[in-house]
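A.B. asks: Please find coords23.pdb (PDB, C-alpha atoms) on the next line:
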ATOM      1  CA  MET A   1     105.892 166.583 123.357
ATOM      2  CA  ASP A   2     105.827 169.936 125.105
ATOM      3  CA  GLU A   3     103.985 170.606 128.355
ATOM      4  CA  GLY A   4     100.926 171.942 126.516
ATOM      5  CA  ASP A   5     100.601 168.765 124.475
ATOM      6  CA  ILE A   6     101.090 166.596 127.570
ATOM      7  CA  ALA A   7      98.305 168.537 129.303
ATOM      8  CA  LEU A   8      96.042 168.020 126.271
ATOM      9  CA  ARG A   9      96.914 164.336 126.234
ATOM     10  CA  ASN A  10      96.104 163.938 129.928
ATOM     11  CA  LEU A  11      92.843 165.828 129.556
ATOM     12  CA  THR A  12      91.919 163.643 126.578
ATOM     13  CA  TYR A  13      92.564 160.436 128.518
ATOM     14  CA  GLY A  14      90.644 161.800 131.493
ATOM     15  CA  LEU A  15      87.674 162.564 129.255
ATOM     16  CA  PHE A  16      87.834 159.099 127.697
ATOM     17  CA  VAL A  17      87.420 157.522 131.139
ATOM     18  CA  GLU A  18      84.837 160.057 132.299
ATOM     19  CA  LEU A  19      82.680 159.688 129.191
ATOM     20  CA  GLY A  20      83.275 155.981 128.614
ATOM     21  CA  ARG A  21      84.097 156.721 124.983
ATOM     22  CA  ALA A  22      86.607 158.665 122.954
ATOM     23  CA  PRO A  23      86.083 162.397 123.312
ATOM     24  CA  THR A  24      85.440 164.438 120.179
ATOM     25  CA  VAL A  25      87.378 167.587 119.358
ATOM     26  CA  ASP A  26      84.308 169.510 120.534
ATOM     27  CA  ASP A  27      84.283 167.657 123.876
ATOM     28  CA  ALA A  28      87.943 168.450 124.452
ATOM     29  CA  SER A  29      87.802 172.049 123.253
ATOM     30  CA  ALA A  30      84.792 172.787 125.467
ATOM     31  CA  ARG A  31      86.645 171.391 128.485
ATOM     32  CA  ILE A  32      89.970 173.046 127.790
ATOM     33  CA  GLY A  33      88.590 176.345 126.557
ATOM     34  CA  SER A  34      90.335 176.341 123.208
ATOM     35  CA  THR A  35      89.111 175.957 119.644
ATOM     36  CA  PRO A  36      88.345 172.605 118.006
ATOM     37  CA  ASP A  37      91.063 173.358 115.458
ATOM     38  CA  ASP A  38      93.613 173.851 118.249
ATOM     39  CA  VAL A  39      92.590 170.532 119.796
ATOM     40  CA  TRP A  40      92.827 168.825 116.428
ATOM     41  CA  ALA A  41      96.296 170.246 115.794
ATOM     42  CA  GLY A  42      97.382 169.062 119.236
ATOM     43  CA  TRP A  43      95.954 165.593 118.667
ATOM     44  CA  GLN A  44      97.868 165.371 115.407
ATOM     45  CA  ARG A  45     101.100 166.161 117.250
ATOM     46  CA  LEU A  46     100.218 163.550 119.889
ATOM     47  CA  HIS A  47      99.527 161.035 117.126
ATOM     48  CA  ASP A  48     102.956 161.732 115.639
ATOM     49  CA  ALA A  49     104.489 161.260 119.104
ATOM     50  CA  HIS A  50     102.633 157.911 119.519
ATOM     51  CA  ALA A  51     100.699 159.279 122.499
ATOM     52  CA  LEU A  52      97.364 158.412 120.860
ATOM     53  CA  VAL A  53      96.225 157.134 117.476
ATOM     54  CA  LEU A  54      93.867 159.021 115.165
ATOM     55  CA  GLN A  55      91.447 157.443 112.740
ATOM     56  CA  THR A  56      92.723 158.036 109.206
ATOM     57  CA  GLY A  57      90.585 160.452 107.217
ATOM     58  CA  THR A  58      88.561 161.680 110.195
ATOM     59  CA  ARG A  59      88.955 164.063 113.130
ATOM     60  CA  GLU A  60      88.432 161.219 115.584
ATOM     61  CA  ILE A  61      90.539 159.175 117.998
ATOM     62  CA  ARG A  62      90.946 155.488 117.185
ATOM     63  CA  MET A  63      93.129 154.447 120.118
ATOM     64  CA  ALA A  64      94.019 155.979 123.441
ATOM     65  CA  ASN A  65      95.928 152.884 124.483
ATOM     66  CA  PRO A  66      94.916 150.692 126.157
ATOM     67  CA  PHE A  67      91.407 151.895 125.246
ATOM     68  CA  SER A  68      89.962 151.494 121.782
ATOM     69  CA  ALA A  69      87.469 153.998 120.420
ATOM     70  CA  VAL A  70      86.094 151.422 117.984
ATOM     71  CA  PRO A  71      84.622 147.971 118.644
ATOM     72  CA  THR A  72      87.191 145.176 118.795
ATOM     73  CA  ALA A  73      87.326 141.497 119.677
ATOM     74  CA  TYR A  74      88.616 142.415 123.159
ATOM     75  CA  ARG A  75      85.872 143.556 125.527
ATOM     76  CA  VAL A  76      86.654 144.403 129.121
ATOM     77  CA  PHE A  77      84.284 144.952 132.024
ATOM     78  CA  ALA A  78      85.858 147.183 134.640
ATOM     79  CA  ASP A  79      84.692 149.986 136.912
ATOM     80  CA  ASN A  80      81.044 149.063 136.174
ATOM     81  CA  ARG A  81      81.381 149.636 132.440
ATOM     82  CA  TRP A  82      82.290 147.798 129.255
ATOM     83  CA  TRP A  83      85.326 148.976 127.321
ATOM     84  CA  PHE A  84      86.964 147.914 124.094
ATOM     85  CA  ALA A  85      90.717 147.233 124.089
ATOM     86  CA  ASN A  86      92.994 147.251 121.064
ATOM     87  CA  CYS A  87      94.562 143.846 121.625
ATOM     88  CA  ALA A  88      95.166 141.223 124.309
ATOM     89  CA  TRP A  89      97.889 143.265 125.986
ATOM     90  CA  ASP A  90      95.633 146.302 126.104
ATOM     91  CA  ALA A  91      92.752 144.161 127.377
ATOM     92  CA  PHE A  92      94.773 143.507 130.533
ATOM     93  CA  GLY A  93      95.806 147.156 130.473
ATOM     94  CA  VAL A  94      92.275 148.521 130.853
ATOM     95  CA  GLY A  95      91.890 147.221 134.409
ATOM     96  CA  ALA A  96      95.504 148.185 135.087
ATOM     97  CA  ALA A  97      94.943 151.777 133.969
ATOM     98  CA  LEU A  98      91.682 152.060 135.905
ATOM     99  CA  HIS A  99      93.180 150.346 138.970
ATOM    100  CA  ARG A 100      90.239 147.982 139.039
ATOM    101  CA  ASP A 101      89.666 144.252 138.805
ATOM    102  CA  SER A 102      88.355 143.350 135.376
ATOM    103  CA  ARG A 103      86.791 140.659 133.255
ATOM    104  CA  ILE A 104      88.102 140.156 129.732
ATOM    105  CA  GLU A 105      85.868 138.632 127.083
ATOM    106  CA  ALA A 106      87.697 137.597 123.920
ATOM    107  CA  SER A 107      88.215 134.495 121.811
ATOM    108  CA  CYS A 108      91.027 132.205 120.755
ATOM    109  CA  ALA A 109      92.530 133.817 117.645
ATOM    110  CA  ASP A 110      92.887 130.364 116.093
ATOM    111  CA  CYS A 111      89.634 128.543 116.718
ATOM    112  CA  GLY A 112      87.354 131.359 117.815
ATOM    113  CA  GLU A 113      86.281 129.642 121.017
ATOM    114  CA  PRO A 114      85.233 132.250 123.585
ATOM    115  CA  ILE A 115      87.771 133.115 126.267
ATOM    116  CA  SER A 116      86.772 134.750 129.535
ATOM    117  CA  VAL A 117      89.412 135.829 132.024
ATOM    118  CA  GLN A 118      88.778 137.338 135.408
ATOM    119  CA  VAL A 119      91.630 139.533 136.652
ATOM    120  CA  ARG A 120      91.592 140.025 140.401
ATOM    121  CA  ASP A 121      94.382 141.781 142.291
ATOM    122  CA  GLU A 122      96.309 141.892 138.987
ATOM    123  CA  LYS A 123      96.195 138.076 138.606
ATOM    124  CA  PRO A 124      94.233 136.250 135.902
ATOM    125  CA  ASP A 125      92.175 133.259 136.992
ATOM    126  CA  ASP A 126      93.336 131.011 134.128
ATOM    127  CA  ASP A 127      97.086 130.657 133.607
ATOM    128  CA  GLY A 128      96.630 128.030 130.897
ATOM    129  CA  LEU A 129      95.906 130.688 128.309
ATOM    130  CA  LEU A 130      98.719 132.051 126.163
ATOM    131  CA  PHE A 131      99.550 135.400 124.608
ATOM    132  CA  HIS A 132     101.370 135.501 121.305
ATOM    133  CA  CYS A 133     102.935 138.626 119.862
ATOM    134  CA  LEU A 134     103.904 138.365 116.215
ATOM    135  CA  VAL A 135     105.693 141.700 115.786
ATOM    136  CA  PRO A 136     108.984 142.426 117.592
ATOM    137  CA  ALA A 137     109.103 145.479 119.861
ATOM    138  CA  ILE A 138     111.269 147.546 117.556
ATOM    139  CA  ARG A 139     108.581 147.325 114.841
ATOM    140  CA  TRP A 140     105.442 147.861 116.946
ATOM    141  CA  TRP A 141     104.868 151.378 115.665
ATOM    142  CA  ASP A 142     105.566 150.586 112.008
ATOM    143  CA  ASP A 143     101.866 149.715 111.781
ATOM    144  CA  ILE A 144     100.285 149.963 115.221
ATOM    145  CA  ALA A 145      96.863 148.840 114.041
ATOM    146  CA  PHE A 146      98.381 145.579 112.710
ATOM    147  CA  THR A 147     100.567 145.161 115.794
TER
ATOM    148  CA  MET B   1      98.812 140.509 120.047
ATOM    149  CA  ASN B   2      96.324 137.722 120.519
ATOM    150  CA  LEU B   3      95.099 135.197 123.067
ATOM    151  CA  PHE B   4      95.178 131.454 122.436
ATOM    152  CA  ARG B   5      93.868 128.393 124.240
ATOM    153  CA  SER B   6      97.151 126.475 123.867
ATOM    154  CA  GLU B   7     100.492 126.235 122.082
ATOM    155  CA  GLU B   8      98.881 123.966 119.480
ATOM    156  CA  HIS B   9      96.435 126.707 118.584
ATOM    157  CA  ILE B  10      99.300 129.183 118.145
ATOM    158  CA  ILE B  11     101.112 126.802 115.789
ATOM    159  CA  GLN B  12      97.949 126.225 113.809
ATOM    160  CA  TRP B  13      97.203 129.958 113.619
ATOM    161  CA  LEU B  14     100.738 130.796 112.490
ATOM    162  CA  GLY B  15     100.659 128.395 109.555
ATOM    163  CA  THR B  16     103.728 129.205 107.470
ATOM    164  CA  ARG B  17     104.472 132.481 109.251
ATOM    165  CA  SER B  18     107.438 132.823 111.578
ATOM    166  CA  ALA B  19     106.543 132.741 115.252
ATOM    167  CA  GLY B  20     106.898 135.880 117.351
ATOM    168  CA  THR B  21     107.009 135.272 121.070
ATOM    169  CA  THR B  22     104.666 133.614 123.549
ATOM    170  CA  ILE B  23     104.105 134.330 127.237
ATOM    171  CA  SER B  24     101.507 133.176 129.768
ATOM    172  CA  VAL B  25      98.589 135.430 130.571
ATOM    173  CA  THR B  26      99.955 135.717 134.102
ATOM    174  CA  LYS B  27     103.120 137.284 132.721
ATOM    175  CA  LEU B  28     100.997 139.350 130.326
ATOM    176  CA  SER B  29      98.996 140.710 133.237
ATOM    177  CA  GLU B  30     102.209 141.647 135.067
ATOM    178  CA  LEU B  31     103.391 143.374 131.906
ATOM    179  CA  ALA B  32     100.107 145.204 131.383
ATOM    180  CA  HIS B  33     100.037 146.498 134.948
ATOM    181  CA  ALA B  34     103.635 147.691 134.753
ATOM    182  CA  TRP B  35     103.094 149.255 131.311
ATOM    183  CA  TRP B  36      99.633 150.794 131.599
ATOM    184  CA  GLY B  37      99.299 151.355 135.349
ATOM    185  CA  ASN B  38      99.890 155.110 135.202
ATOM    186  CA  ARG B  39      98.220 155.675 131.837
ATOM    187  CA  ILE B  40      95.315 157.804 133.085
ATOM    188  CA  ASP B  41      97.113 159.532 135.931
ATOM    189  CA  PRO B  42      96.467 163.294 135.621
ATOM    190  CA  SER B  43     100.204 163.880 136.050
ATOM    191  CA  TRP B  44     101.281 161.308 133.428
ATOM    192  CA  GLN B  45     104.530 162.092 131.666
ATOM    193  CA  PRO B  46     105.904 160.310 128.583
ATOM    194  CA  ARG B  47     108.465 157.591 129.203
ATOM    195  CA  THR B  48     111.757 157.404 127.396
ATOM    196  CA  ARG B  49     112.680 154.390 125.306
ATOM    197  CA  GLU B  50     115.127 153.422 128.039
ATOM    198  CA  GLU B  51     112.392 153.551 130.685
ATOM    199  CA  ASN B  52     110.156 151.383 128.517
ATOM    200  CA  GLN B  53     112.991 148.909 128.053
ATOM    201  CA  LEU B  54     113.573 148.797 131.806
ATOM    202  CA  ILE B  55     109.965 147.731 132.390
ATOM    203  CA  LEU B  56     110.448 144.802 130.021
ATOM    204  CA  ASP B  57     113.843 143.944 131.504
ATOM    205  CA  ASP B  58     112.439 143.938 135.044
ATOM    206  CA  LEU B  59     109.873 141.362 133.950
ATOM    207  CA  GLY B  60     112.555 139.153 132.442
ATOM    208  CA  LEU B  61     111.553 140.009 128.872
ATOM    209  CA  THR B  62     115.132 140.467 127.791
ATOM    210  CA  ASP B  63     115.580 138.694 124.461
ATOM    211  CA  SER B  64     115.942 140.597 121.191
ATOM    212  CA  PHE B  65     112.215 140.296 120.447
ATOM    213  CA  TRP B  66     111.508 142.672 123.320
ATOM    214  CA  SER B  67     114.328 145.083 122.462
ATOM    215  CA  PHE B  68     113.556 148.599 121.230
ATOM    216  CA  SER B  69     117.040 148.841 119.761
ATOM    217  CA  ALA B  70     117.584 145.342 118.361
ATOM    218  CA  VAL B  71     119.051 144.843 114.917
ATOM    219  CA  LEU B  72     116.693 142.350 113.342
ATOM    220  CA  PRO B  73     117.387 140.139 110.329
ATOM    221  CA  GLU B  74     115.750 141.270 107.094
ATOM    222  CA  HIS B  75     112.680 139.298 106.030
TER
END
The structure given in the file should be rewritten as structure tokens.
C.D. replies:
Amino acid sequence: MDEGDIALRNLTYGLFVELGRAPTVDDASARIGSTPDDVWAGWQRLHDAHALVLQTGTREIRMANPFSAVPTAYRVFADNRWWFANCAWDAFGVGAALHRDSRIEASCADCGEPISVQVRDEKPDDDGLLFHCLVPAIRWWDDIAFT
Amino acid sequence: MNLFRSEEHIIQWLGTRSAGTTISVTKLSELAHAWWGNRIDPSWQPRTREENQLILDDLGLTDSFWSFSAVLPEH
């Protein structure tokens, strides 16, 4: 990642938070003053560098971790807005990234019973809940959507 | 990367699959804050693999599951 791509990445994340959704190539190009094709080429390089994840077959962002651009089973209320997270880890990451307390609404992956966790001062209010990660760290990016 | 109500629910969900690793949501929250805390900083810079590993190590996540350089057995 060169400095130009890092700047594009940081602008893209900033827009995600500002807009409350994934920016489009037009959003980013208007802000940065470059062409949509230049933004798209940069996003592809960032995707290859695992700095964000693009939606296959589109010119759209799927993940700007911890944020998800598409609806998921992990909803987070933080900074007076609802967000989608990509997974349980990312769900805790939304409040962390925003530097805000948060409330996570999800469900038990086994039985489907709703789970609600309040995170205040970085601490969840229910330590009885468990997080399970199936894929070892070295293989996380083999298939990040599955991970 | 899922949430579960209890260990029994994890076992039931896994079925015949091999288990990965399990941590409490308190540890998960510590991990998330260490990992994602600077994610939207305007001056964010990419971390190296070694820096990522150090975050896990500092949280006591030191077994081979959490290693970015582990040699894993073939399935």
A.B. asks: Using all atoms listed in the file, which of A:Ala51, A:Leu11, A:Ala30, A:Ala109 sits nearest B:Arg47?
C.D. replies: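 Counting all atoms listed in the file, the residue closest to B:Arg47 is A:Ala51.
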A.B. asks: How many Å lie between atom CA of A:Glu3 and atom CA of B:Leu56, rounded to one decimal?
C.D. replies: 26.7 Å
A.B. asks: What is the atom CA of A:Arg21 to atom CA of A:Ile61 distance in Å?
C.D. replies: 9.8 Å
A.B. asks: Given a cut-off of 8 Å, which residues of chain A touch chain B, counting all atoms listed in the file, written out as a PyMOL selection string?
C.D. replies: chain A and resi 6+10-11+13-14+66+87-90+92-94+96-99+106-111+115+122-124+126-138+147
A.B. asks: Looking at only C-alpha atoms, which of A:Ile104, A:Leu54, A:Ile32, A:Leu46 is the one that sits closest to A:Ala73?
C.D. replies: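 Counting only C-alpha atoms, the residue closest to A:Ala73 is A:Ile104.
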A.B. asks: Convert the output of the PyMOL selection byres ((chain A and resi 53) around 6) on the shown file into explicit residues, formatted as a VMD selection string.
C.D. replies: chain A and resid 47 52 54 62 to 63
A.B. asks: Enter the distance from atom CA of A:Val25 to atom CA of A:Asn86, in Å, rounded to one decimal.
C.D. replies: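 Result for atom CA of A:Val25 versus atom CA of A:Asn86: 21.2 Å, one decimal.
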A.B. asks: Provide an axis-aligned box for all listed atoms of stretch 89-103 of chain A, padding each side by 8 Å; report its centre and its edge lengths in Å to one decimal, as AutoDock Vina command-line options.
C.D. replies:
--center_x 92.3 --center_y 146.4 --center_z 132.5 --size_x 27.1 --size_y 27.4 --size_z 29.1
A.B. asks: Near A:Phe16, within 10 Å and counting only C-alpha atoms, which residues show up once chain neighbours fewer than 6 positions away are dropped, as a PyMOL selection string?
C.D. replies: (chain A and resi 10+22-24+28+64+67-69) or (chain B and resi 40)
A.B. asks: List, as a ChimeraX atom specification, every residue that the PyMOL selection byres ((chain A and resi 84) around 6) selects in the file provided.
C.D. replies: /A:68,71-72,74-75,83,85
A.B. asks: Could I get stretch 43-73 of chain B from the block written as a JSON list (two decimals), in the first residue's frame, with C-alpha atoms?
C.D. replies:
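Dumped to selection-v1.json:
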[["chain", "number", "residue", "atom", "x", "y", "z"],
["B", 43, "SER", "CA", -3.81, 9.04, 10.22],
["B", 44, "TRP", "CA", -4.30, 5.24, 10.22],
["B", 45, "GLN", "CA", -1.38, 3.26, 8.86],
["B", 46, "PRO", "CA", -1.39, -0.46, 8.03],
["B", 47, "ARG", "CA", 0.02, -2.79, 10.67],
["B", 48, "THR", "CA", 2.59, -5.43, 9.94],
["B", 49, "ARG", "CA", 1.90, -9.08, 10.60],
["B", 50, "GLU", "CA", 4.26, -8.85, 13.56],
["B", 51, "GLU", "CA", 2.32, -5.91, 15.02],
["B", 52, "ASN", "CA", -0.93, -7.82, 14.62],
["B", 53, "GLN", "CA", 0.61, -10.82, 16.35],
["B", 54, "LEU", "CA", 1.80, -8.62, 19.21],
["B", 55, "ILE", "CA", -1.76, -7.46, 19.87],
["B", 56, "LEU", "CA", -2.88, -11.07, 20.22],
["B", 57, "ASP", "CA", 0.15, -11.98, 22.33],
["B", 58, "ASP", "CA", -0.46, -9.06, 24.70],
["B", 59, "LEU", "CA", -3.97, -10.39, 25.31],
["B", 60, "GLY", "CA", -2.66, -13.85, 26.08],
["B", 61, "LEU", "CA", -3.91, -15.29, 22.79],
["B", 62, "THR", "CA", -0.69, -17.16, 22.18],
["B", 63, "ASP", "CA", -1.58, -20.67, 21.05],
["B", 64, "SER", "CA", -1.14, -21.80, 17.44],
["B", 65, "PHE", "CA", -4.78, -21.00, 16.61],
["B", 66, "TRP", "CA", -3.98, -17.30, 16.97],
["B", 67, "SER", "CA", -0.67, -17.49, 15.10],
["B", 68, "PHE", "CA", -0.27, -15.79, 11.71],
["B", 69, "SER", "CA", 2.71, -18.01, 10.96],
["B", 70, "ALA", "CA", 1.61, -21.37, 12.40],
["B", 71, "VAL", "CA", 2.11, -24.56, 10.45],
["B", 72, "LEU", "CA", -1.27, -26.24, 10.69],
["B", 73, "PRO", "CA", -2.04, -29.91, 10.11]]
